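Coordinates as given in coords27.cif (mmCIF, C-alpha atoms):
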data_data
loop_
_atom_site.group_PDB
_atom_site.id
_atom_site.type_symbol
_atom_site.label_atom_id
_atom_site.label_comp_id
_atom_site.auth_asym_id
_atom_site.auth_seq_id
_atom_site.Cartn_x
_atom_site.Cartn_y
_atom_site.Cartn_z
ATOM 1 C CA MET A 2 2.877 -90.435 -117.136
ATOM 2 C CA LYS A 3 4.637 -88.909 -114.157
ATOM 3 C CA ASN A 4 6.309 -91.097 -111.604
ATOM 4 C CA PHE A 5 4.945 -90.516 -108.157
ATOM 5 C CA SER A 6 6.184 -91.295 -104.719
ATOM 6 C CA PHE A 7 4.373 -91.698 -101.473
ATOM 7 C CA GLU A 8 5.286 -89.879 -98.304
ATOM 8 C CA LEU A 9 4.443 -92.915 -96.239
ATOM 9 C CA SER A 10 6.366 -96.104 -96.960
ATOM 10 C CA ARG A 11 5.111 -99.691 -96.833
ATOM 11 C CA GLY A 12 3.556 -100.476 -93.511
ATOM 12 C CA LYS A 13 3.023 -96.839 -92.502
ATOM 13 C CA SER A 14 -0.170 -96.109 -94.386
ATOM 14 C CA SER A 15 -3.145 -94.440 -92.774
ATOM 15 C CA GLN A 16 -6.253 -96.474 -91.952
ATOM 16 C CA ARG A 17 -8.048 -94.925 -94.930
ATOM 17 C CA GLN A 18 -5.184 -95.807 -97.281
ATOM 18 C CA MET A 19 -5.088 -99.398 -96.033
ATOM 19 C CA LYS A 20 -8.828 -99.777 -96.545
ATOM 20 C CA VAL A 21 -8.630 -98.361 -100.082
ATOM 21 C CA GLN A 22 -5.601 -100.568 -100.835
ATOM 22 C CA GLU A 23 -7.573 -103.707 -100.007
ATOM 23 C CA ILE A 24 -10.621 -102.535 -101.968
ATOM 24 C CA LEU A 25 -8.480 -101.764 -105.034
ATOM 25 C CA ARG A 26 -6.591 -105.038 -104.735
ATOM 26 C CA ALA A 27 -9.842 -107.019 -104.592
ATOM 27 C CA ALA A 28 -11.193 -105.109 -107.603
ATOM 28 C CA LEU A 29 -8.041 -105.753 -109.648
ATOM 29 C CA VAL A 30 -8.015 -109.445 -108.735
ATOM 30 C CA GLU A 31 -11.635 -109.733 -109.858
ATOM 31 C CA VAL A 32 -10.849 -108.000 -113.161
ATOM 32 C CA LEU A 33 -7.903 -110.339 -113.782
ATOM 33 C CA GLN A 34 -9.801 -113.489 -112.757
ATOM 34 C CA ARG A 35 -12.743 -112.686 -115.010
ATOM 35 C CA GLY A 36 -10.438 -111.958 -117.958
ATOM 36 C CA LEU A 37 -11.743 -108.433 -118.527
ATOM 37 C CA THR A 38 -8.435 -106.839 -119.548
ATOM 38 C CA LYS A 39 -8.669 -107.900 -123.211
ATOM 39 C CA GLU A 40 -4.981 -108.854 -122.985
ATOM 40 C CA PRO A 41 -4.419 -112.610 -123.503
ATOM 41 C CA LEU A 42 -1.290 -112.639 -121.334
ATOM 42 C CA LEU A 43 -3.047 -111.028 -118.367
ATOM 43 C CA ASP A 44 -6.253 -113.000 -118.812
ATOM 44 C CA ASN A 45 -4.639 -116.433 -119.172
ATOM 45 C CA GLU A 46 -1.424 -116.428 -117.106
ATOM 46 C CA MET A 47 -1.073 -116.808 -113.352
ATOM 47 C CA ILE A 48 -0.144 -113.615 -111.546
ATOM 48 C CA THR A 49 0.000 -112.540 -107.912
ATOM 49 C CA ILE A 50 -0.707 -109.036 -106.659
ATOM 50 C CA ASN A 51 1.681 -108.883 -103.715
ATOM 51 C CA HIS A 52 1.203 -105.348 -102.521
ATOM 52 C CA VAL A 53 -0.748 -102.193 -103.245
ATOM 53 C CA ASP A 54 0.427 -98.665 -102.448
ATOM 54 C CA VAL A 55 -2.020 -95.775 -102.488
ATOM 55 C CA SER A 56 -0.956 -92.149 -102.315
ATOM 56 C CA PRO A 57 -2.175 -90.119 -99.321
ATOM 57 C CA ASP A 58 -4.660 -88.224 -101.523
ATOM 58 C CA LEU A 59 -5.944 -91.582 -102.923
ATOM 59 C CA LYS A 60 -5.445 -90.377 -106.508
ATOM 60 C CA HIS A 61 -2.544 -92.687 -107.424
ATOM 61 C CA VAL A 62 -2.034 -96.404 -106.922
ATOM 62 C CA LYS A 63 0.853 -98.786 -107.525
ATOM 63 C CA PHE A 64 0.153 -102.481 -107.869
ATOM 64 C CA PHE A 65 3.169 -104.702 -107.171
ATOM 65 C CA PHE A 66 2.797 -107.933 -109.119
ATOM 66 C CA LEU A 67 4.693 -111.178 -109.505
ATOM 67 C CA PRO A 68 3.955 -113.420 -112.487
ATOM 68 C CA PHE A 69 4.255 -117.178 -112.128
ATOM 69 C CA ASP A 70 6.764 -117.124 -114.984
ATOM 70 C CA GLU A 71 9.207 -114.399 -113.938
ATOM 71 C CA LYS A 72 10.948 -114.579 -117.316
ATOM 72 C CA LYS A 73 7.924 -112.812 -118.829
ATOM 73 C CA LYS A 74 8.370 -109.741 -116.629
ATOM 74 C CA GLU A 75 8.745 -107.314 -119.547
ATOM 75 C CA ASP A 76 5.816 -108.873 -121.418
ATOM 76 C CA PHE A 77 3.598 -108.394 -118.368
ATOM 77 C CA LEU A 78 4.701 -104.778 -117.938
ATOM 78 C CA LYS A 79 3.861 -104.066 -121.592
ATOM 79 C CA ALA A 80 0.513 -105.867 -121.297
ATOM 80 C CA PHE A 81 -0.409 -103.896 -118.181
ATOM 81 C CA LYS A 82 0.537 -100.672 -119.951
ATOM 82 C CA ARG A 83 -1.676 -101.544 -122.942
ATOM 83 C CA ALA A 84 -4.587 -102.572 -120.708
ATOM 84 C CA ASN A 85 -4.234 -99.693 -118.245
ATOM 85 C CA LYS A 86 -7.335 -97.775 -119.410
ATOM 86 C CA VAL A 87 -9.506 -100.897 -119.530
ATOM 87 C CA ILE A 88 -8.353 -101.957 -116.053
ATOM 88 C CA ARG A 89 -8.876 -98.472 -114.626
ATOM 89 C CA LYS A 90 -12.402 -98.329 -116.064
ATOM 90 C CA ALA A 91 -13.247 -101.808 -114.730
ATOM 91 C CA ILE A 92 -11.910 -100.899 -111.281
ATOM 92 C CA GLY A 93 -13.910 -97.651 -111.369
ATOM 93 C CA GLU A 94 -17.079 -99.658 -111.989
ATOM 94 C CA ARG A 95 -16.352 -101.832 -108.934
ATOM 95 C CA VAL A 96 -15.228 -99.293 -106.340
ATOM 96 C CA HIS A 97 -17.033 -96.222 -105.132
ATOM 97 C CA LEU A 98 -14.429 -93.533 -104.666
ATOM 98 C CA LYS A 99 -14.603 -89.833 -105.471
ATOM 99 C CA TYR A 100 -11.769 -90.319 -107.972
ATOM 100 C CA VAL A 101 -10.639 -93.443 -109.779
ATOM 101 C CA PRO A 102 -6.896 -93.398 -109.103
ATOM 102 C CA THR A 103 -4.280 -93.410 -111.829
ATOM 103 C CA ILE A 104 -2.697 -96.840 -111.985
ATOM 104 C CA ASN A 105 0.908 -97.987 -112.228
ATOM 105 C CA PHE A 106 2.104 -101.580 -112.254
ATOM 106 C CA VAL A 107 5.474 -102.491 -110.774
ATOM 107 C CA PHE A 108 7.242 -105.836 -110.943
ATOM 108 C CA ASP A 109 7.761 -106.991 -107.352
ATOM 109 C CA ASP A 110 11.388 -108.051 -107.141
ATOM 110 C CA SER A 111 11.272 -108.784 -103.415
ATOM 111 C CA ILE A 112 11.227 -112.528 -104.176
ATOM 112 C CA THR A 113 14.575 -112.115 -105.945
ATOM 113 C CA GLU A 114 15.968 -110.420 -102.857
ATOM 114 C CA VAL A 115 14.710 -113.286 -100.684
ATOM 115 C CA ARG A 116 16.365 -115.823 -102.971
ATOM 116 C CA ASN A 117 19.644 -113.898 -102.779
ATOM 117 C CA LEU A 118 19.452 -113.861 -98.986
ATOM 118 C CA ASP A 119 18.779 -117.612 -98.987
ATOM 119 C CA LYS A 120 21.920 -118.150 -101.050
ATOM 120 C CA ILE A 121 23.934 -116.024 -98.650
ATOM 121 C CA PHE A 122 22.621 -117.868 -95.588
ATOM 122 C CA ALA A 123 23.267 -121.218 -97.284
ATOM 123 C CA SER A 124 26.907 -120.365 -98.026
ATOM 124 C CA LYS A 125 29.617 -122.198 -96.089
ATOM 125 C CA LYS A 126 31.085 -119.000 -94.650
ATOM 126 C CA VAL A 127 27.793 -117.935 -93.096
ATOM 127 C CA LYS A 128 27.059 -121.443 -91.796
ATOM 128 C CA LYS A 129 30.402 -121.396 -89.981
ATOM 129 C CA ASP A 130 29.531 -118.059 -88.369
ATOM 130 C CA ILE A 131 26.113 -119.328 -87.316
ATOM 131 C CA GLU A 132 27.559 -122.478 -85.731
ATOM 132 C CA ARG A 133 29.868 -120.470 -83.445
#

Taking this structure as input, can you express it in the form of structure tokens?
Amino acid sequence: MKNFSFELSRGKSSQRQMKVQEILRAALVEVLQRGLTKEPLLDNEMITINHVDVSPDLKHVKFFFLPFDEKKKEDFLKAFKRANKVIRKAIGERVHLKYVPTINFVFDDSITEVRNLDKIFASKKVKKDIER
């Protein structure tokens, strides 16, 4: 499957894109909560959908996810890849769009970045600079 990029970055989506993002997010959450993916890992493990990006033409979507157990990142990516068709079909049954978008799942590593920033801010050198 081709990689795709969006012209508009996070936070600069059109009103239509934002509305579709929330609809798709709600549909995916329902599919995961009801255990409809037929993938034991996805149906039984805790996972958070942190962000959804929809292309301007609404034909492509990226779901940014964060599993409770971050060590299983690769397992989740493989499970999402295997369940992609089932998830897309289930989402298509729940949303009423002209096209059911192609779906990509991306591990959301923003929490790792936040942890790294916390470590930096907690370092002695930075604390000295802040106290000045």

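Across A:Lys60, A:Leu25, A:Phe65, A:Val55, the tightest approach to Ser111 (chain A) is made by A:Phe65 when counting all atoms listed in the file.
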
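For Ala28 (chain A), the residues within 8 Å (counting all atoms listed in the file, excluding itself and residues fewer than 4 positions away along the chain) are A:Ile24, A:Val32, A:Ile92, A:Arg95, A:Val96.
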
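Comparing A:Arg26, A:Leu33, A:Asp44, A:Lys99 by their smallest distance to Lys63 (chain A), the closest is A:Arg26 (using only C-alpha atoms).
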
Just checking: using only C-alpha atoms, which residue out of A:Lys86, A:Phe108, A:Gln16, A:Leu37 ends up closest to Thr49 (chain A)?
A:Phe108

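Nearest-residue note for Gln34 (chain A): choosing from A:Glu71, A:Glu114, A:Met47, A:Gln22, the minimum distance belongs to A:Met47, counting only C-alpha atoms.
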
Select, counting only C-alpha atoms, all protein, DNA and RNA residues no farther than 10 Å from (6.8, -104.4, -105.6) in file coordinates, and express the selection as a PyMOL selection string.
chain A and resi 50-54+63-67+106-112

State, in Å with one decimal place, the distance from CA of Lys20 (chain A) to CA of Leu98 (chain A).
11.7 Å

To verify the selection step, state as a list in words which residues the PyMOL selection byres ((chain A and resi 75-78) around 9) yields on this input.
Leu42, Leu43, Pro68, Lys72, Lys73, Lys74, Lys79, Ala80, Phe81, Lys82, Arg83, Phe106, Val107 and Phe108 of chain A

Output file for the residues above (C-alpha atoms, as a compact mmCIF listing (two decimals), in the frame of the given file):
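Now in selection34.txt:
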# COMPACT_ATOMS: atom_id res chain seq x y z
CA LEU A 42 -1.29 -112.64 -121.33
CA LEU A 43 -3.05 -111.03 -118.37
CA PRO A 68 3.96 -113.42 -112.49
CA LYS A 72 10.95 -114.58 -117.32
CA LYS A 73 7.92 -112.81 -118.83
CA LYS A 74 8.37 -109.74 -116.63
CA LYS A 79 3.86 -104.07 -121.59
CA ALA A 80 0.51 -105.87 -121.30
CA PHE A 81 -0.41 -103.90 -118.18
CA LYS A 82 0.54 -100.67 -119.95
CA ARG A 83 -1.68 -101.54 -122.94
CA PHE A 106 2.10 -101.58 -112.25
CA VAL A 107 5.47 -102.49 -110.77
CA PHE A 108 7.24 -105.84 -110.94

Å distance separating CA of Ile131 (chain A) from CA of Thr113 (chain A), one decimal place:
23.1 Å

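For the pair CA of Pro102 (chain A) and CA of Leu59 (chain A), the interatomic distance is 6.5 Å.
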
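Nearest-residue note for Ser14 (chain A): choosing from A:Glu31, A:Glu40, A:Asp119, A:Asp58, the minimum distance belongs to A:Asp58, counting only C-alpha atoms.
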
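Nearest to Ala27 (chain A) of all the residues A:Pro57, A:Lys129, A:Ile121, A:Ala91 is A:Ala91, based on all atoms listed in the file.
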